[in-house]
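One file, protein_11.cif, is given below (mmCIF, C-alpha atoms; chains and numbers go by the auth columns).
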data_my_file
loop_
_atom_site.group_PDB
_atom_site.id
_atom_site.type_symbol
_atom_site.label_atom_id
_atom_site.label_comp_id
_atom_site.label_asym_id
_atom_site.label_seq_id
_atom_site.Cartn_x
_atom_site.Cartn_y
_atom_site.Cartn_z
_atom_site.B_iso_or_equiv
_atom_site.auth_seq_id
_atom_site.auth_asym_id
ATOM 1 C CA MET A 1 10.880 -3.688 -5.939 0.00 1 H
ATOM 2 C CA ASN A 2 14.123 -5.581 -5.725 0.00 2 H
ATOM 3 C CA SER A 3 17.056 -6.162 -3.413 0.00 3 H
ATOM 4 C CA LYS A 4 18.219 -2.615 -3.918 0.00 4 H
ATOM 5 C CA ALA A 5 15.489 -1.487 -1.541 0.00 5 H
ATOM 6 C CA GLU A 6 17.950 -1.672 1.351 0.00 6 H
ATOM 7 C CA GLU A 7 20.487 0.613 -0.284 0.00 7 H
ATOM 8 C CA THR A 8 20.623 4.195 0.800 0.00 8 H
ATOM 9 C CA GLN A 9 20.774 7.305 -1.315 0.00 9 H
ATOM 10 C CA SER A 10 22.516 10.564 -0.708 0.00 10 H
ATOM 11 C CA ILE A 11 22.415 14.144 -1.817 0.00 11 H
ATOM 12 C CA SER A 12 25.629 15.957 -2.510 0.00 12 H
ATOM 13 C CA MET A 13 26.247 19.452 -3.749 0.00 13 H
ATOM 14 C CA GLU A 14 29.005 22.019 -3.919 0.00 14 H
ATOM 15 C CA PHE A 15 28.950 25.738 -3.462 0.00 15 H
ATOM 16 C CA ASP A 16 31.740 28.035 -4.568 0.00 16 H
ATOM 17 C CA LEU A 17 31.786 30.825 -2.004 0.00 17 H
ATOM 18 C CA PRO A 18 33.886 34.006 -2.130 0.00 18 H
ATOM 19 C CA HIS A 19 34.458 33.859 1.636 0.00 19 H
ATOM 20 C CA ALA A 20 37.372 32.399 3.610 0.00 20 H
ATOM 21 C CA PRO A 21 36.878 28.993 5.263 0.00 21 H
ATOM 22 C CA ALA A 22 37.158 30.531 8.746 0.00 22 H
ATOM 23 C CA LYS A 23 34.132 32.677 8.065 0.00 23 H
ATOM 24 C CA VAL A 24 32.104 29.932 6.420 0.00 24 H
ATOM 25 C CA TRP A 25 32.963 27.752 9.412 0.00 25 H
ATOM 26 C CA ARG A 26 31.418 30.325 11.742 0.00 26 H
ATOM 27 C CA ALA A 27 28.182 30.301 9.735 0.00 27 H
ATOM 28 C CA LEU A 28 28.101 26.498 9.966 0.00 28 H
ATOM 29 C CA THR A 29 28.786 26.272 13.694 0.00 29 H
ATOM 30 C CA GLU A 30 27.582 29.371 15.550 0.00 30 H
ATOM 31 C CA PRO A 31 23.963 28.997 16.694 0.00 31 H
ATOM 32 C CA ALA A 32 23.188 32.700 16.252 0.00 32 H
ATOM 33 C CA LEU A 33 24.295 32.507 12.615 0.00 33 H
ATOM 34 C CA LEU A 34 22.744 29.085 11.976 0.00 34 H
ATOM 35 C CA ALA A 35 19.398 30.463 13.115 0.00 35 H
ATOM 36 C CA LYS A 36 19.597 33.023 10.324 0.00 36 H
ATOM 37 C CA TRP A 37 20.017 30.631 7.432 0.00 37 H
ATOM 38 C CA LEU A 38 19.206 27.096 8.570 0.00 38 H
ATOM 39 C CA MET A 39 17.245 26.775 11.806 0.00 39 H
ATOM 40 C CA PRO A 40 17.539 27.760 15.467 0.00 40 H
ATOM 41 C CA THR A 41 19.855 25.290 17.185 0.00 41 H
ATOM 42 C CA ASP A 42 21.717 24.534 20.402 0.00 42 H
ATOM 43 C CA MET A 43 24.674 23.033 18.561 0.00 43 H
ATOM 44 C CA GLN A 44 27.919 22.729 20.510 0.00 44 H
ATOM 45 C CA LEU A 45 31.271 21.806 19.070 0.00 45 H
ATOM 46 C CA LEU A 46 31.688 18.629 21.065 0.00 46 H
ATOM 47 C CA VAL A 47 31.903 15.230 19.404 0.00 47 H
ATOM 48 C CA GLY A 48 29.191 12.937 20.751 0.00 48 H
ATOM 49 C CA LYS A 49 27.059 15.852 21.937 0.00 49 H
ATOM 50 C CA ALA A 50 23.371 15.725 21.072 0.00 50 H
ATOM 51 C CA PHE A 51 21.674 18.874 19.810 0.00 51 H
ATOM 52 C CA THR A 52 18.612 19.895 17.847 0.00 52 H
ATOM 53 C CA PHE A 53 17.470 22.116 15.042 0.00 53 H
ATOM 54 C CA LYS A 54 14.018 23.487 15.703 0.00 54 H
ATOM 55 C CA SER A 55 11.808 24.734 12.950 0.00 55 H
ATOM 56 C CA PRO A 56 10.403 28.093 14.140 0.00 56 H
ATOM 57 C CA ALA A 57 6.962 27.153 12.832 0.00 57 H
ATOM 58 C CA PRO A 58 6.043 23.561 13.687 0.00 58 H
ATOM 59 C CA PRO A 59 5.169 21.932 10.373 0.00 59 H
ATOM 60 C CA SER A 60 2.224 19.806 11.473 0.00 60 H
ATOM 61 C CA ALA A 61 0.257 18.707 14.471 0.00 61 H
ATOM 62 C CA SER A 62 1.863 15.271 14.391 0.00 62 H
ATOM 63 C CA TRP A 63 5.447 16.404 14.054 0.00 63 H
ATOM 64 C CA ASP A 64 7.072 18.994 16.267 0.00 64 H
ATOM 65 C CA GLY A 65 9.530 20.274 13.666 0.00 65 H
ATOM 66 C CA ILE A 66 12.541 19.120 15.634 0.00 66 H
ATOM 67 C CA VAL A 67 15.572 17.594 13.963 0.00 67 H
ATOM 68 C CA GLY A 68 17.617 15.548 16.419 0.00 68 H
ATOM 69 C CA CYS A 69 21.351 15.541 15.796 0.00 69 H
ATOM 70 C CA GLU A 70 24.536 14.214 17.280 0.00 70 H
ATOM 71 C CA MET A 71 27.919 15.690 16.529 0.00 71 H
ATOM 72 C CA GLN A 72 30.138 13.087 14.912 0.00 72 H
ATOM 73 C CA GLU A 73 33.192 14.859 13.581 0.00 73 H
ATOM 74 C CA ILE A 74 34.767 18.273 13.982 0.00 74 H
ATOM 75 C CA GLU A 75 37.830 19.393 12.086 0.00 75 H
ATOM 76 C CA PRO A 76 37.867 23.187 12.442 0.00 76 H
ATOM 77 C CA HIS A 77 37.599 25.105 9.168 0.00 77 H
ATOM 78 C CA LYS A 78 37.666 21.812 7.259 0.00 78 H
ATOM 79 C CA ARG A 79 34.986 19.333 8.118 0.00 79 H
ATOM 80 C CA LEU A 80 31.823 19.020 10.177 0.00 80 H
ATOM 81 C CA ARG A 81 29.643 15.955 10.393 0.00 81 H
ATOM 82 C CA TYR A 82 26.487 15.266 12.383 0.00 82 H
ATOM 83 C CA SER A 83 23.572 12.874 12.309 0.00 83 H
ATOM 84 C CA TRP A 84 20.203 14.265 11.227 0.00 84 H
ATOM 85 C CA ALA A 85 16.974 12.671 12.374 0.00 85 H
ATOM 86 C CA GLY A 86 13.514 14.150 12.213 0.00 86 H
ATOM 87 C CA GLY A 87 9.966 13.042 11.725 0.00 87 H
ATOM 88 C CA GLY A 88 10.971 9.406 11.639 0.00 88 H
ATOM 89 C CA LEU A 89 13.924 9.872 9.310 0.00 89 H
ATOM 90 C CA ASP A 90 16.290 8.322 11.770 0.00 90 H
ATOM 91 C CA SER A 91 19.627 7.622 10.225 0.00 91 H
ATOM 92 C CA THR A 92 20.733 10.319 7.837 0.00 92 H
ATOM 93 C CA VAL A 93 24.056 12.119 8.153 0.00 93 H
ATOM 94 C CA VAL A 94 25.000 15.650 7.122 0.00 94 H
ATOM 95 C CA THR A 95 28.638 16.327 6.257 0.00 95 H
ATOM 96 C CA TRP A 96 30.088 19.724 5.403 0.00 96 H
ATOM 97 C CA THR A 97 33.542 19.883 3.846 0.00 97 H
ATOM 98 C CA LEU A 98 35.394 23.170 3.387 0.00 98 H
ATOM 99 C CA THR A 99 38.241 23.471 0.917 0.00 99 H
ATOM 100 C CA PRO A 100 40.123 26.750 0.443 0.00 100 H
ATOM 101 C CA THR A 101 40.167 28.011 -3.128 0.00 101 H
ATOM 102 C CA GLU A 102 43.023 29.825 -4.882 0.00 102 H
ATOM 103 C CA SER A 103 41.100 33.059 -4.831 0.00 103 H
ATOM 104 C CA GLY A 104 40.805 32.982 -1.043 0.00 104 H
ATOM 105 C CA GLY A 105 37.275 31.664 -1.035 0.00 105 H
ATOM 106 C CA THR A 106 35.813 28.335 -0.025 0.00 106 H
ATOM 107 C CA LEU A 107 34.523 25.376 -1.931 0.00 107 H
ATOM 108 C CA LEU A 108 31.777 24.167 0.382 0.00 108 H
ATOM 109 C CA ARG A 109 30.587 20.633 -0.128 0.00 109 H
ATOM 110 C CA LEU A 110 27.442 19.242 1.452 0.00 110 H
ATOM 111 C CA GLU A 111 26.659 15.587 1.634 0.00 111 H
ATOM 112 C CA HIS A 112 23.381 14.417 3.134 0.00 112 H
ATOM 113 C CA SER A 113 23.500 10.635 3.168 0.00 113 H
ATOM 114 C CA GLY A 114 21.525 7.688 4.455 0.00 114 H
ATOM 115 C CA PHE A 115 18.166 8.166 2.742 0.00 115 H
ATOM 116 C CA ARG A 116 16.411 4.854 2.540 0.00 116 H
ATOM 117 C CA PRO A 117 14.073 4.690 -0.406 0.00 117 H
ATOM 118 C CA GLY A 118 11.906 1.712 -1.151 0.00 118 H
ATOM 119 C CA LYS A 119 10.002 -0.317 1.351 0.00 119 H
ATOM 120 C CA GLY A 120 10.635 0.985 4.788 0.00 120 H
ATOM 121 C CA GLU A 121 9.037 1.340 8.137 0.00 121 H
ATOM 122 C CA ALA A 122 5.957 3.365 8.885 0.00 122 H
ATOM 123 C CA ARG A 123 8.141 5.953 10.466 0.00 123 H
ATOM 124 C CA PHE A 124 10.077 6.407 7.289 0.00 124 H
ATOM 125 C CA PHE A 125 7.036 7.037 5.171 0.00 125 H
ATOM 126 C CA GLU A 126 5.365 9.189 7.768 0.00 126 H
ATOM 127 C CA GLY A 127 8.560 11.125 8.275 0.00 127 H
ATOM 128 C CA ALA A 128 9.120 11.533 4.583 0.00 128 H
ATOM 129 C CA LYS A 129 5.643 12.881 4.113 0.00 129 H
ATOM 130 C CA GLN A 130 5.882 15.305 6.978 0.00 130 H
ATOM 131 C CA GLY A 131 9.385 16.318 6.117 0.00 131 H
ATOM 132 C CA TRP A 132 8.288 17.109 2.635 0.00 132 H
ATOM 133 C CA GLN A 133 5.331 19.162 3.798 0.00 133 H
ATOM 134 C CA TRP A 134 7.550 20.972 6.224 0.00 134 H
ATOM 135 C CA MET A 135 10.080 21.880 3.588 0.00 135 H
ATOM 136 C CA ALA A 136 7.476 22.723 1.029 0.00 136 H
ATOM 137 C CA GLY A 137 6.153 25.257 3.477 0.00 137 H
ATOM 138 C CA GLN A 138 9.424 27.103 3.580 0.00 138 H
ATOM 139 C CA ARG A 139 9.642 29.102 0.403 0.00 139 H
ATOM 140 C CA LEU A 140 10.404 25.943 -1.493 0.00 140 H
ATOM 141 C CA GLY A 141 7.804 26.531 -4.143 0.00 141 H
ATOM 142 C CA GLN A 142 9.936 29.323 -5.472 0.00 142 H
ATOM 143 C CA VAL A 143 13.021 27.144 -5.705 0.00 143 H
ATOM 144 C CA LEU A 144 11.157 24.197 -7.148 0.00 144 H
ATOM 145 C CA ALA A 145 9.731 26.423 -9.849 0.00 145 H
ATOM 146 C CA GLU A 146 13.250 27.017 -11.080 0.00 146 H
ATOM 147 C CA VAL A 147 14.169 23.338 -11.147 0.00 147 H
ATOM 148 C CA PRO A 148 13.810 22.135 -14.734 0.00 148 H
ATOM 149 C CA MET B 1 -3.789 15.725 -4.165 0.00 149 G
ATOM 150 C CA LEU B 2 -0.156 15.550 -5.219 0.00 150 G
ATOM 151 C CA SER B 3 1.182 12.178 -6.264 0.00 151 G
ATOM 152 C CA GLU B 4 3.722 12.236 -3.408 0.00 152 G
ATOM 153 C CA ASP B 5 0.911 12.812 -1.005 0.00 153 G
ATOM 154 C CA ARG B 6 -1.063 9.882 -2.372 0.00 154 G
ATOM 155 C CA VAL B 7 1.885 7.533 -2.109 0.00 155 G
ATOM 156 C CA PHE B 8 2.760 8.612 1.401 0.00 156 G
ATOM 157 C CA ARG B 9 -0.842 8.397 2.546 0.00 157 G
ATOM 158 C CA ALA B 10 -1.259 4.980 0.987 0.00 158 G
ATOM 159 C CA LEU B 11 1.862 3.604 2.660 0.00 159 G
ATOM 160 C CA ALA B 12 1.375 5.321 6.006 0.00 160 G
ATOM 161 C CA ASP B 13 -1.267 2.714 6.882 0.00 161 G
ATOM 162 C CA PRO B 14 0.278 -0.478 8.333 0.00 162 G
ATOM 163 C CA SER B 15 -2.303 -2.807 6.729 0.00 163 G
ATOM 164 C CA ARG B 16 -1.809 -1.288 3.312 0.00 164 G
ATOM 165 C CA ARG B 17 1.927 -1.395 3.723 0.00 165 G
ATOM 166 C CA ALA B 18 1.702 -5.090 4.634 0.00 166 G
ATOM 167 C CA ILE B 19 -0.406 -5.753 1.536 0.00 167 G
ATOM 168 C CA PHE B 20 1.992 -3.767 -0.636 0.00 168 G
ATOM 169 C CA GLU B 21 5.006 -5.604 0.755 0.00 169 G
ATOM 170 C CA ARG B 22 3.288 -8.926 0.146 0.00 170 G
ATOM 171 C CA LEU B 23 2.722 -7.909 -3.473 0.00 171 G
ATOM 172 C CA THR B 24 6.398 -7.051 -3.915 0.00 172 G
ATOM 173 C CA LYS B 25 6.942 -10.808 -3.649 0.00 173 G
ATOM 174 C CA GLY B 26 4.604 -11.527 -6.550 0.00 174 G
ATOM 175 C CA GLU B 27 1.156 -11.166 -8.051 0.00 175 G
ATOM 176 C CA ALA B 28 -1.764 -12.152 -5.833 0.00 176 G
ATOM 177 C CA ALA B 29 -5.563 -12.204 -5.773 0.00 177 G
ATOM 178 C CA VAL B 30 -7.592 -10.666 -2.951 0.00 178 G
ATOM 179 C CA ARG B 31 -8.291 -14.077 -1.395 0.00 179 G
ATOM 180 C CA ASP B 32 -4.519 -14.745 -1.175 0.00 180 G
ATOM 181 C CA LEU B 33 -4.058 -11.546 0.739 0.00 181 G
ATOM 182 C CA ILE B 34 -6.767 -11.989 3.365 0.00 182 G
ATOM 183 C CA PRO B 35 -5.080 -14.497 5.706 0.00 183 G
ATOM 184 C CA ARG B 36 -1.919 -12.453 5.843 0.00 184 G
ATOM 185 C CA ALA B 37 -3.601 -9.113 6.327 0.00 185 G
ATOM 186 C CA GLY B 38 -5.855 -10.515 9.072 0.00 186 G
ATOM 187 C CA ILE B 39 -8.754 -8.358 7.932 0.00 187 G
ATOM 188 C CA SER B 40 -11.971 -8.863 5.976 0.00 188 G
ATOM 189 C CA GLN B 41 -12.179 -9.132 2.205 0.00 189 G
ATOM 190 C CA PRO B 42 -13.974 -5.775 1.777 0.00 190 G
ATOM 191 C CA ALA B 43 -11.245 -4.127 3.858 0.00 191 G
ATOM 192 C CA VAL B 44 -8.521 -5.723 1.747 0.00 192 G
ATOM 193 C CA SER B 45 -10.304 -4.633 -1.428 0.00 193 G
ATOM 194 C CA GLN B 46 -10.579 -1.113 -0.119 0.00 194 G
ATOM 195 C CA HIS B 47 -6.878 -1.015 0.727 0.00 195 G
ATOM 196 C CA LEU B 48 -6.069 -2.293 -2.753 0.00 196 G
ATOM 197 C CA ALA B 49 -8.188 0.467 -4.255 0.00 197 G
ATOM 198 C CA VAL B 50 -6.200 3.076 -2.337 0.00 198 G
ATOM 199 C CA LEU B 51 -2.911 1.489 -3.430 0.00 199 G
ATOM 200 C CA ARG B 52 -4.142 1.429 -7.021 0.00 200 G
ATOM 201 C CA GLU B 53 -5.189 5.078 -6.927 0.00 201 G
ATOM 202 C CA ALA B 54 -1.756 5.963 -5.579 0.00 202 G
ATOM 203 C CA GLY B 55 -0.241 4.218 -8.597 0.00 203 G
ATOM 204 C CA LEU B 56 1.456 1.619 -6.412 0.00 204 G
ATOM 205 C CA VAL B 57 -0.349 -1.466 -7.722 0.00 205 G
ATOM 206 C CA ALA B 58 -1.907 -2.572 -10.997 0.00 206 G
ATOM 207 C CA GLU B 59 -4.671 -5.108 -11.518 0.00 207 G
ATOM 208 C CA ARG B 60 -5.364 -7.834 -14.053 0.00 208 G
ATOM 209 C CA ARG B 61 -8.680 -9.639 -14.466 0.00 209 G
ATOM 210 C CA GLU B 62 -8.809 -13.320 -15.178 0.00 210 G
ATOM 211 C CA GLY B 63 -12.320 -14.724 -15.185 0.00 211 G
ATOM 212 C CA ARG B 64 -13.938 -13.873 -11.879 0.00 212 G
ATOM 213 C CA LEU B 65 -10.628 -13.190 -10.203 0.00 213 G
ATOM 214 C CA VAL B 66 -8.648 -9.984 -10.074 0.00 214 G
ATOM 215 C CA TYR B 67 -4.925 -10.269 -9.610 0.00 215 G
ATOM 216 C CA TYR B 68 -2.866 -7.440 -8.179 0.00 216 G
ATOM 217 C CA ARG B 69 0.800 -6.683 -8.705 0.00 217 G
ATOM 218 C CA VAL B 70 3.247 -3.926 -7.782 0.00 218 G
ATOM 219 C CA ARG B 71 3.875 -1.143 -10.288 0.00 219 G
ATOM 220 C CA PRO B 72 7.645 -0.619 -10.103 0.00 220 G
ATOM 221 C CA THR B 73 7.328 3.043 -11.045 0.00 221 G
ATOM 222 C CA GLY B 74 4.860 3.637 -8.222 0.00 222 G
ATOM 223 C CA LEU B 75 7.586 4.462 -5.739 0.00 223 G
ATOM 224 C CA ARG B 76 9.029 7.155 -7.948 0.00 224 G
ATOM 225 C CA PRO B 77 7.561 9.939 -5.789 0.00 225 G
ATOM 226 C CA LEU B 78 9.782 8.759 -2.931 0.00 226 G
ATOM 227 C CA VAL B 79 12.804 9.376 -5.085 0.00 227 G
ATOM 228 C CA ASP B 80 11.275 12.699 -5.992 0.00 228 G
ATOM 229 C CA TRP B 81 10.971 13.371 -2.288 0.00 229 G
ATOM 230 C CA ILE B 82 14.762 13.151 -2.067 0.00 230 G
ATOM 231 C CA ALA B 83 14.814 15.743 -4.827 0.00 231 G
ATOM 232 C CA HIS B 84 12.624 17.920 -2.639 0.00 232 G
ATOM 233 C CA TYR B 85 15.183 17.607 0.153 0.00 233 G
ATOM 234 C CA GLN B 86 17.845 18.568 -2.343 0.00 234 G
ATOM 235 C CA ALA B 87 15.843 21.691 -3.159 0.00 235 G
ATOM 236 C CA PHE B 88 15.661 22.408 0.569 0.00 236 G
ATOM 237 C CA TRP B 89 19.452 22.516 0.774 0.00 237 G
ATOM 238 C CA VAL B 90 19.737 24.639 -2.362 0.00 238 G
ATOM 239 C CA ASP B 91 17.295 27.058 -0.778 0.00 239 G
ATOM 240 C CA ARG B 92 19.231 27.096 2.500 0.00 240 G
ATOM 241 C CA ALA B 93 22.543 27.548 0.715 0.00 241 G
ATOM 242 C CA GLU B 94 21.144 30.691 -0.901 0.00 242 G
ATOM 243 C CA ARG B 95 20.338 31.994 2.557 0.00 243 G
ATOM 244 C CA LEU B 96 23.832 31.051 3.706 0.00 244 G
ATOM 245 C CA ARG B 97 25.287 33.011 0.797 0.00 245 G
ATOM 246 C CA ALA B 98 23.226 36.054 1.755 0.00 246 G
ATOM 247 C CA LEU B 99 24.248 35.738 5.389 0.00 247 G
ATOM 248 C CA LEU B 100 27.970 35.498 4.555 0.00 248 G
ATOM 249 C CA LYS B 101 27.631 38.665 2.511 0.00 249 G
ATOM 250 C CA GLU B 102 25.876 40.372 5.412 0.00 250 G
ATOM 251 C CA MET B 103 28.708 39.374 7.767 0.00 251 G
ATOM 252 C CA ASP B 104 31.074 41.503 5.661 0.00 252 G
ATOM 253 C CA GLU B 105 29.106 44.651 6.232 0.00 253 G
#
Let me see the file written as structure tokens.
Amino acid sequence: MNSKAEETQSISMEFDLPHAPAKVWRALTEPALLAKWLMPTDMQLLVGKAFTFKSPAPPSASWDGIVGCEMQEIEPHKRLRYSWAGGGLDSTVVTWTLTPTESGGTLLRLEHSGFRPGKGEARFFEGAKQGWQWMAGQRLGQVLAEVP
Amino acid sequence: MLSEDRVFRALADPSRRAIFERLTKGEAAVRDLIPRAGISQPAVSQHLAVLREAGLVAERREGRLVYYRVRPTGLRPLVDWIAHYQAFWVDRAERLRALLKEMDE
């Protein structure tokens, strides 16, 4: 342990999609579409508006499977940012950035920031544990098997 | 039990977390940990055993005393947990890809 314990970590990844930004934007913002690939949600495109993602199958008795969010930034077809808090993970932020590609597709960038590793509060550890179990329950084994 | 699970279980308990955080400040024997933890010696010893099994602390014997210290690599599973979250997004992105394709049809 050292002073770096207070630093946060983030995940970032990029996806090269053969679809126009307008269409990708719909998949990122329309609840009916979000339910099909991420989770059921009551998201509204209003900055400052609170919304949730609800896991269809609650992951454990002690966590309801709800991710609490607040919309932070909306730039249609370009950028979407919201806070992401669930199971005690209370200060992460998800940012989607859409960049048109020459071929008419979209370079979609995801940044999930604000993870606090190291010594944290009970809620962090409890949330991390439950979050992990929750995700592991969702076909993750398959994906993890492919990770070298 | 998976190593992540052991670490999370070990640190989910407030007394164990307090003991672990105390040890991040330096090596200590059980008797040094009792006043701070506010619990009995057997309880402290039991907590230390759980922390040791989770790979979070190591021990060193010196005469009749056992000294405990933090194993810096013990928190590795937490970093791995971030990797699990990364896998979650990779998984979801695959679904997104499939959905976008479906929207064309």
Evaluate the PyMOL selection byres ((chain G and resi 203-210) around 9) against this structure - the residues, as an NGL selection string, please. :G and (151 or 154-155 or 158 or 168 or 171 or 196-202 or 211-223)
At a cut-off of 9 Å, list the chain G residues touching chain H, using all atoms listed in the file, as a ChimeraX atom specification. /G:152-153,155-157,159-162,165,168-169,172-173,218-220,223,226-227,229-249,251
So that I have them on file, write out the residues from the current selection with C-alpha atoms, as a PDB file, keeping the file's coordinate frame.
ATOM      1  CA  GLU G 152       3.722  12.236  -3.408  1.00  0.00           C
ATOM      2  CA  ASP G 153       0.911  12.812  -1.005  1.00  0.00           C
ATOM      3  CA  VAL G 155       1.885   7.533  -2.109  1.00  0.00           C
ATOM      4  CA  PHE G 156       2.760   8.612   1.401  1.00  0.00           C
ATOM      5  CA  ARG G 157      -0.842   8.397   2.546  1.00  0.00           C
ATOM      6  CA  LEU G 159       1.862   3.604   2.660  1.00  0.00           C
ATOM      7  CA  ALA G 160       1.375   5.321   6.006  1.00  0.00           C
ATOM      8  CA  ASP G 161      -1.267   2.714   6.882  1.00  0.00           C
ATOM      9  CA  PRO G 162       0.278  -0.478   8.333  1.00  0.00           C
ATOM     10  CA  ARG G 165       1.927  -1.395   3.723  1.00  0.00           C
ATOM     11  CA  PHE G 168       1.992  -3.767  -0.636  1.00  0.00           C
ATOM     12  CA  GLU G 169       5.006  -5.604   0.755  1.00  0.00           C
ATOM     13  CA  THR G 172       6.398  -7.051  -3.915  1.00  0.00           C
ATOM     14  CA  LYS G 173       6.942 -10.808  -3.649  1.00  0.00           C
ATOM     15  CA  VAL G 218       3.247  -3.926  -7.782  1.00  0.00           C
ATOM     16  CA  ARG G 219       3.875  -1.143 -10.288  1.00  0.00           C
ATOM     17  CA  PRO G 220       7.645  -0.619 -10.103  1.00  0.00           C
ATOM     18  CA  LEU G 223       7.586   4.462  -5.739  1.00  0.00           C
ATOM     19  CA  LEU G 226       9.782   8.759  -2.931  1.00  0.00           C
ATOM     20  CA  VAL G 227      12.804   9.376  -5.085  1.00  0.00           C
ATOM     21  CA  TRP G 229      10.971  13.371  -2.288  1.00  0.00           C
ATOM     22  CA  ILE G 230      14.762  13.151  -2.067  1.00  0.00           C
ATOM     23  CA  ALA G 231      14.814  15.743  -4.827  1.00  0.00           C
ATOM     24  CA  HIS G 232      12.624  17.920  -2.639  1.00  0.00           C
ATOM     25  CA  TYR G 233      15.183  17.607   0.153  1.00  0.00           C
ATOM     26  CA  GLN G 234      17.845  18.568  -2.343  1.00  0.00           C
ATOM     27  CA  ALA G 235      15.843  21.691  -3.159  1.00  0.00           C
ATOM     28  CA  PHE G 236      15.661  22.408   0.569  1.00  0.00           C
ATOM     29  CA  TRP G 237      19.452  22.516   0.774  1.00  0.00           C
ATOM     30  CA  VAL G 238      19.737  24.639  -2.362  1.00  0.00           C
ATOM     31  CA  ASP G 239      17.295  27.058  -0.778  1.00  0.00           C
ATOM     32  CA  ARG G 240      19.231  27.096   2.500  1.00  0.00           C
ATOM     33  CA  ALA G 241      22.543  27.548   0.715  1.00  0.00           C
ATOM     34  CA  GLU G 242      21.144  30.691  -0.901  1.00  0.00           C
ATOM     35  CA  ARG G 243      20.338  31.994   2.557  1.00  0.00           C
ATOM     36  CA  LEU G 244      23.832  31.051   3.706  1.00  0.00           C
ATOM     37  CA  ARG G 245      25.287  33.011   0.797  1.00  0.00           C
ATOM     38  CA  ALA G 246      23.226  36.054   1.755  1.00  0.00           C
ATOM     39  CA  LEU G 247      24.248  35.738   5.389  1.00  0.00           C
ATOM     40  CA  LEU G 248      27.970  35.498   4.555  1.00  0.00           C
ATOM     41  CA  LYS G 249      27.631  38.665   2.511  1.00  0.00           C
ATOM     42  CA  MET G 251      28.708  39.374   7.767  1.00  0.00           C
TER      43      MET G 251
END
Exercise on stretch 185-198 of chain G, axis-aligned box with 5 Å per side, report centre and edge lengths in Å to one decimal, as AutoDock Vina command-line options:
--center_x -8.8 --center_y -3.7 --center_z 2.4 --size_x 20.4 --size_y 23.6 --size_z 23.3
Apply the PyMOL selection byres ((chain H and resi 51) around 12) to the file shown and report the selected residues as a VMD selection string. chain H and resid 29 31 40 to 50 52 to 54 66 to 72 82 to 85
As an exercise, work out the distance from atom CA of H:Arg81 to atom CA of H:Val94 in Å and give it to one decimal place.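 Separation between atom CA of H:Arg81 and atom CA of H:Val94: 5.7 Å.
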For a quick check of your reading of the model, name the residues lying within 8 Å of the coordinate (36.6, 24.6, 15.3), counting all atoms listed in the file, and write them as a count of residues only. 6
Atom CA of H:Leu98 sits from atom CA of H:Ser113 at a separation of 17.3 Å
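The space separating atom CA of H:Thr106 from atom CA of H:Pro21 comes to 5.4 Å.
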Using the block above, I'd like stretch 181-207 of chain G written out, keeping C-alpha atoms and formatting it as a PDB file, in the first residue's frame.
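Output file result-v4.pdb follows:
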ATOM      1  CA  LEU G 181      -3.425  -4.588  17.225  1.00  0.00           C
ATOM      2  CA  ILE G 182      -5.752  -5.337  20.132  1.00  0.00           C
ATOM      3  CA  PRO G 183      -6.258  -1.824  21.556  1.00  0.00           C
ATOM      4  CA  ARG G 184      -7.046  -0.409  18.156  1.00  0.00           C
ATOM      5  CA  ALA G 185      -9.370  -3.177  17.079  1.00  0.00           C
ATOM      6  CA  GLY G 186     -11.253  -3.045  20.398  1.00  0.00           C
ATOM      7  CA  ILE G 187     -11.734  -6.803  20.389  1.00  0.00           C
ATOM      8  CA  SER G 188     -10.193  -9.789  22.162  1.00  0.00           C
ATOM      9  CA  GLN G 189      -6.873 -11.361  21.245  1.00  0.00           C
ATOM     10  CA  PRO G 190      -8.442 -14.599  19.930  1.00  0.00           C
ATOM     11  CA  ALA G 191     -10.733 -12.511  17.719  1.00  0.00           C
ATOM     12  CA  VAL G 192      -7.797 -10.506  16.384  1.00  0.00           C
ATOM     13  CA  SER G 193      -5.866 -13.716  15.731  1.00  0.00           C
ATOM     14  CA  GLN G 194      -8.817 -15.169  13.897  1.00  0.00           C
ATOM     15  CA  HIS G 195      -9.147 -12.067  11.732  1.00  0.00           C
ATOM     16  CA  LEU G 196      -5.437 -12.238  10.956  1.00  0.00           C
ATOM     17  CA  ALA G 197      -5.826 -15.860   9.911  1.00  0.00           C
ATOM     18  CA  VAL G 198      -8.558 -14.887   7.456  1.00  0.00           C
ATOM     19  CA  LEU G 199      -6.425 -12.040   6.086  1.00  0.00           C
ATOM     20  CA  ARG G 200      -3.486 -14.419   5.740  1.00  0.00           C
ATOM     21  CA  GLU G 201      -5.560 -17.023   3.913  1.00  0.00           C
ATOM     22  CA  ALA G 202      -6.753 -14.317   1.539  1.00  0.00           C
ATOM     23  CA  GLY G 203      -3.111 -13.526   0.785  1.00  0.00           C
ATOM     24  CA  LEU G 204      -3.436 -10.024   2.215  1.00  0.00           C
ATOM     25  CA  VAL G 205      -0.955 -10.367   5.081  1.00  0.00           C
ATOM     26  CA  ALA G 206       2.212 -12.333   5.773  1.00  0.00           C
ATOM     27  CA  GLU G 207       3.626 -13.356   9.134  1.00  0.00           C
TER      28      GLU G 207
END
